[in-house]
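Asker: Take a look at this one; I'll ask things after.
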Amino acid sequence: MKRIRLVFVLLIFPLSIIFSQNLEYKNGIGISGRIGNGDLLNDRDFDMANSSLLIDLNYSRNLTSWLDVKIPLGVAMTMNNTVEDKLLGFHGDILFQLGLFDRTRIAAPYLYLGPSFNLSKDFVENSYSVFDIAARAGLGVDFRITDNLLVGLNAGYTNTFEENQKGSLEAGLGITYLFGQGATGKGKMSMNKLKKLDSDGDGIPDIQDECPHTAGVAAFNGCPDKDNDGIPDYQDKCPDEAGSRTTMGCPDKDGDGVPDKDDKCPDIAGDAKYSGCPFIDSDGDGVPDGEDLCPDQKGLVRYQGCPDTDGDGVPDNLDQCKDKAGPAETNGCPDTDGDGIPDIEDKCPTVAGIPELNGCPAANQADLNILTNVSRNIKWQDNAFALSNDARNQLDKIVSLLKKNKKYKLTVIGYSDSDTPKDQITSLSNARADEVKGYLVSKGIEEQRIIAKGGNLPKISTRKILFEVK
């Protein structure tokens, strides 16, 4: 288990290299000191005498712009003055430091993690303990004093894998001198150069510029404000139109707090609850005029303020027969004979017929009923014209009718669906009519007895094919 943990620690090294870039200084040497104490972790009162003082000499090497490896070598000694409790230790660590932000900053925080190898001497028995491995992890921050001189603070935790030893919390202070040209081969970049670097040419150095690749203004730390409304573009929902901070940079002509782009009454101050319109309800139906489709007629909220005089579920603004109940398929008009032709257009409203004869039948009633039933029972896949097996079985009834009545001539009228794209209505209507004609001819009906054509408008109802017999 210990080896697995160590392998996991070492894996962060190659993964971090993949996502990083090189820096200007390659090496660093330094000295640091830290104090460790395990009392707070072991349910004991804090006692300075139980603390350990550790002094390290450090060598660090820059691997990438985000990753360093540091190798501290040093000694550790308990701060207890009694010989019985005194312990001297020697250790060497391999720590990987992962930068959290751009390290060209004055203060550069980082995370550290790595294994620690320890050897301790017991003064009582005058012997060295068995070599053991621990793991160190924590958080630190480096302060850049000069171009290549850092002062660092850190705090962390050391976990030992020995059963008779406890982990400890640590806090330390160190100083590091950086030297050597970076792996880029471009030499070092001084703080003065960093302070002058201005990638977008807006006069604000990149080290202070929050938008270093887009020219901006000093008031917004280098970020732009195209419409000059005092709101930087990255916060402005209308960056090309001057607005106010209340409306996130969008204009508001009437000053009601609802931006013009969302305001249904942009010239009249209103309420956000009513999409920027004032609550004016001329007909008293509870729907404000700005949302009322029938502002001069008292209506119902579910119909956006329009009435439904005949109670058929079709509001009066969409109902072609406001005083007579009818289905939505016929725009609110009744269809007594159920032939899909509303009574107001049907010259034979009590007898099912065909559109070409304004709702009147084309043959005797018995034969017409066969045609009507077949028309009703043929189902089409949405925006498709292929015949199903059930559709063919229905068409066989018409085959029998035409074979029985040799003088009949049949007109087949195809219709598209209500959601068919406009540019496909004609082609789909013709295809459905031709498909039906082709099947009838394949069953022995003379081609000259059948006329196939497409309807000009889609059908709202399920009847997508109609027949006319002469």
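In the structure tokens, the first chain shown is A, the next is B, and so on; residue numbers restart at 1 for each chain, and ligands run from 1 in the order shown.
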Can you tell me which residues surround A:Leu113 at a distance of at most 10 Å, considering only C-alpha atoms, apart from same-chain residues fewer than 2 positions away, and format the answer as a list of chain:residue names?
Answerer: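 Once the nearby chain positions are removed, what remains is A:Val9, A:Leu10, A:Ile12, A:Val69, A:Asp93, A:Ile94, A:Leu95, A:Phe96, A:Gln97, A:Leu98, A:Leu111, A:Pro115, A:Ser116, A:Ala135, A:Arg136, A:Ala137, A:Gly138, A:Leu139, A:Gly156, A:Tyr157, A:Thr158.
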Asker: If you run DSSP on this backbone, which residues of stretch 210-303 of chain A come out as helix (DSSP H, G or I), and could you give them as a ChimeraX atom specification?
Answerer: /A:218-220,260-262,272-274,301-303
Asker: Using only C-alpha atoms, determine which residues lie at most 8 Å from A:Cys360, disregarding the query and same-chain residues fewer than 3 positions distant; provide the list as a list in words.
Answerer: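 Once the nearby chain positions are removed, what remains is Asp346, Lys347, Cys348, Pro349, Val351, Ala352, Gly353, Ile354, Pro355 and Leu357 of chain A.
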Asker: Please produce a file of the residues just selected, as a compact mmCIF listing (two decimals), in the first residue's frame, where the atoms kept are C-alpha atoms.
Answerer:
```txt
# COMPACT_ATOMS: atom_id res chain seq x y z
CA ASP A 346 -70.44 22.43 -47.38
CA LYS A 347 -73.29 22.49 -49.93
CA CYS A 348 -74.40 19.08 -48.61
CA PRO A 349 -73.78 19.52 -44.85
CA VAL A 351 -74.23 14.06 -46.40
CA ALA A 352 -70.50 13.31 -46.54
CA GLY A 353 -68.96 14.48 -49.78
CA ILE A 354 -65.76 15.62 -51.45
CA PRO A 355 -64.04 19.03 -51.61
CA LEU A 357 -68.04 19.11 -55.21
```
Asker: Identify, on the basis of only C-alpha atoms, every residue whose closest approach to A:Asn37 does not exceed 7 Å; exclude the query and any residue fewer than 3 positions from it along the same chain; express the result as number ranges by chain.
Answerer: A: 50-52, 168-170
Asker: Give me the residues near A:Asp240 as a VMD selection string, where near means some atom within 12 Å (using only C-alpha atoms) and where sequence neighbours in that chain fewer than 2 positions away do not count.
Answerer: chain A and resid 224 to 229 231 to 234 236 to 238 242 to 243 249 to 251
Asker: Those selected residues, please, written with N, CA and C atoms and delivered as a CSV table (one decimal), in the first residue's frame.
Answerer:
```
chain,number,residue,atom,x,y,z
A,224,PRO,N,-11.9,46.3,-22.6
A,224,PRO,CA,-12.5,47.3,-23.4
A,224,PRO,C,-14.0,47.6,-23.0
A,225,ASP,N,-14.4,48.8,-23.5
A,225,ASP,CA,-15.8,49.2,-23.3
A,225,ASP,C,-16.2,49.9,-24.6
A,226,LYS,N,-16.6,49.1,-25.6
A,226,LYS,CA,-16.9,49.6,-26.9
A,226,LYS,C,-17.9,50.7,-27.0
A,227,ASP,N,-19.0,50.6,-26.2
A,227,ASP,CA,-20.1,51.6,-26.2
A,227,ASP,C,-19.9,52.7,-25.3
A,228,ASN,N,-18.8,52.7,-24.5
A,228,ASN,CA,-18.5,53.8,-23.6
A,228,ASN,C,-19.6,54.1,-22.6
A,229,ASP,N,-20.2,53.1,-22.1
A,229,ASP,CA,-21.3,53.3,-21.1
A,229,ASP,C,-20.8,53.1,-19.7
A,231,ILE,N,-19.5,50.3,-18.5
A,231,ILE,CA,-19.6,48.9,-18.2
A,231,ILE,C,-18.7,48.1,-19.1
A,232,PRO,N,-17.6,47.4,-18.6
A,232,PRO,CA,-16.7,46.7,-19.5
A,232,PRO,C,-17.5,45.6,-20.3
A,233,ASP,N,-17.0,45.4,-21.5
A,233,ASP,CA,-17.7,44.5,-22.4
A,233,ASP,C,-17.9,43.1,-21.8
A,234,TYR,N,-17.0,42.6,-21.0
A,234,TYR,CA,-17.2,41.2,-20.5
A,234,TYR,C,-18.4,41.2,-19.5
A,236,ASP,N,-21.0,43.5,-20.1
A,236,ASP,CA,-22.1,44.2,-20.8
A,236,ASP,C,-22.8,43.2,-21.7
A,237,LYS,N,-24.2,43.1,-21.5
A,237,LYS,CA,-25.0,42.2,-22.3
A,237,LYS,C,-25.4,42.9,-23.6
A,238,CYS,N,-25.1,44.2,-23.7
A,238,CYS,CA,-25.3,44.9,-25.0
A,238,CYS,C,-24.1,45.7,-25.3
A,242,ALA,N,-25.0,51.7,-25.7
A,242,ALA,CA,-24.8,52.3,-24.4
A,242,ALA,C,-26.1,52.0,-23.5
A,243,GLY,N,-25.8,51.6,-22.3
A,243,GLY,CA,-26.9,51.3,-21.4
A,243,GLY,C,-26.5,51.7,-20.0
A,249,GLY,N,-25.9,47.0,-18.9
A,249,GLY,CA,-25.3,47.7,-20.1
A,249,GLY,C,-26.2,47.8,-21.3
A,250,CYS,N,-27.5,47.4,-21.2
A,250,CYS,CA,-28.4,47.5,-22.3
A,250,CYS,C,-29.3,48.8,-22.1
A,251,PRO,N,-29.7,49.4,-23.3
A,251,PRO,CA,-30.5,50.6,-23.2
A,251,PRO,C,-31.9,50.4,-22.7
```
Asker: Could you pull the residues within 10 Å of A:Ala391, counting only C-alpha atoms, minus those fewer than 4 positions along the same chain, as a list in words?
Answerer: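 The contact residues come out as Val374, Ser375, Asn377, Ile378, Lys379, Trp380, Ala386, Leu387, Leu395, Asp396 and Val436 of chain A.
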Asker: Contacts of A:Gly454 at 7 Å or less, counting only C-alpha atoms, minus same-chain residues fewer than 5 places along, as a PyMOL selection string?
Answerer: chain A and resi 413-415+426+429-430+433
Asker: Record the distance separating atom CA of A:Asp367 and atom CA of A:Leu401, expressed in Å with one decimal.
Answerer: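 Between atom CA of A:Asp367 and atom CA of A:Leu401 the gap is 7.5 Å.
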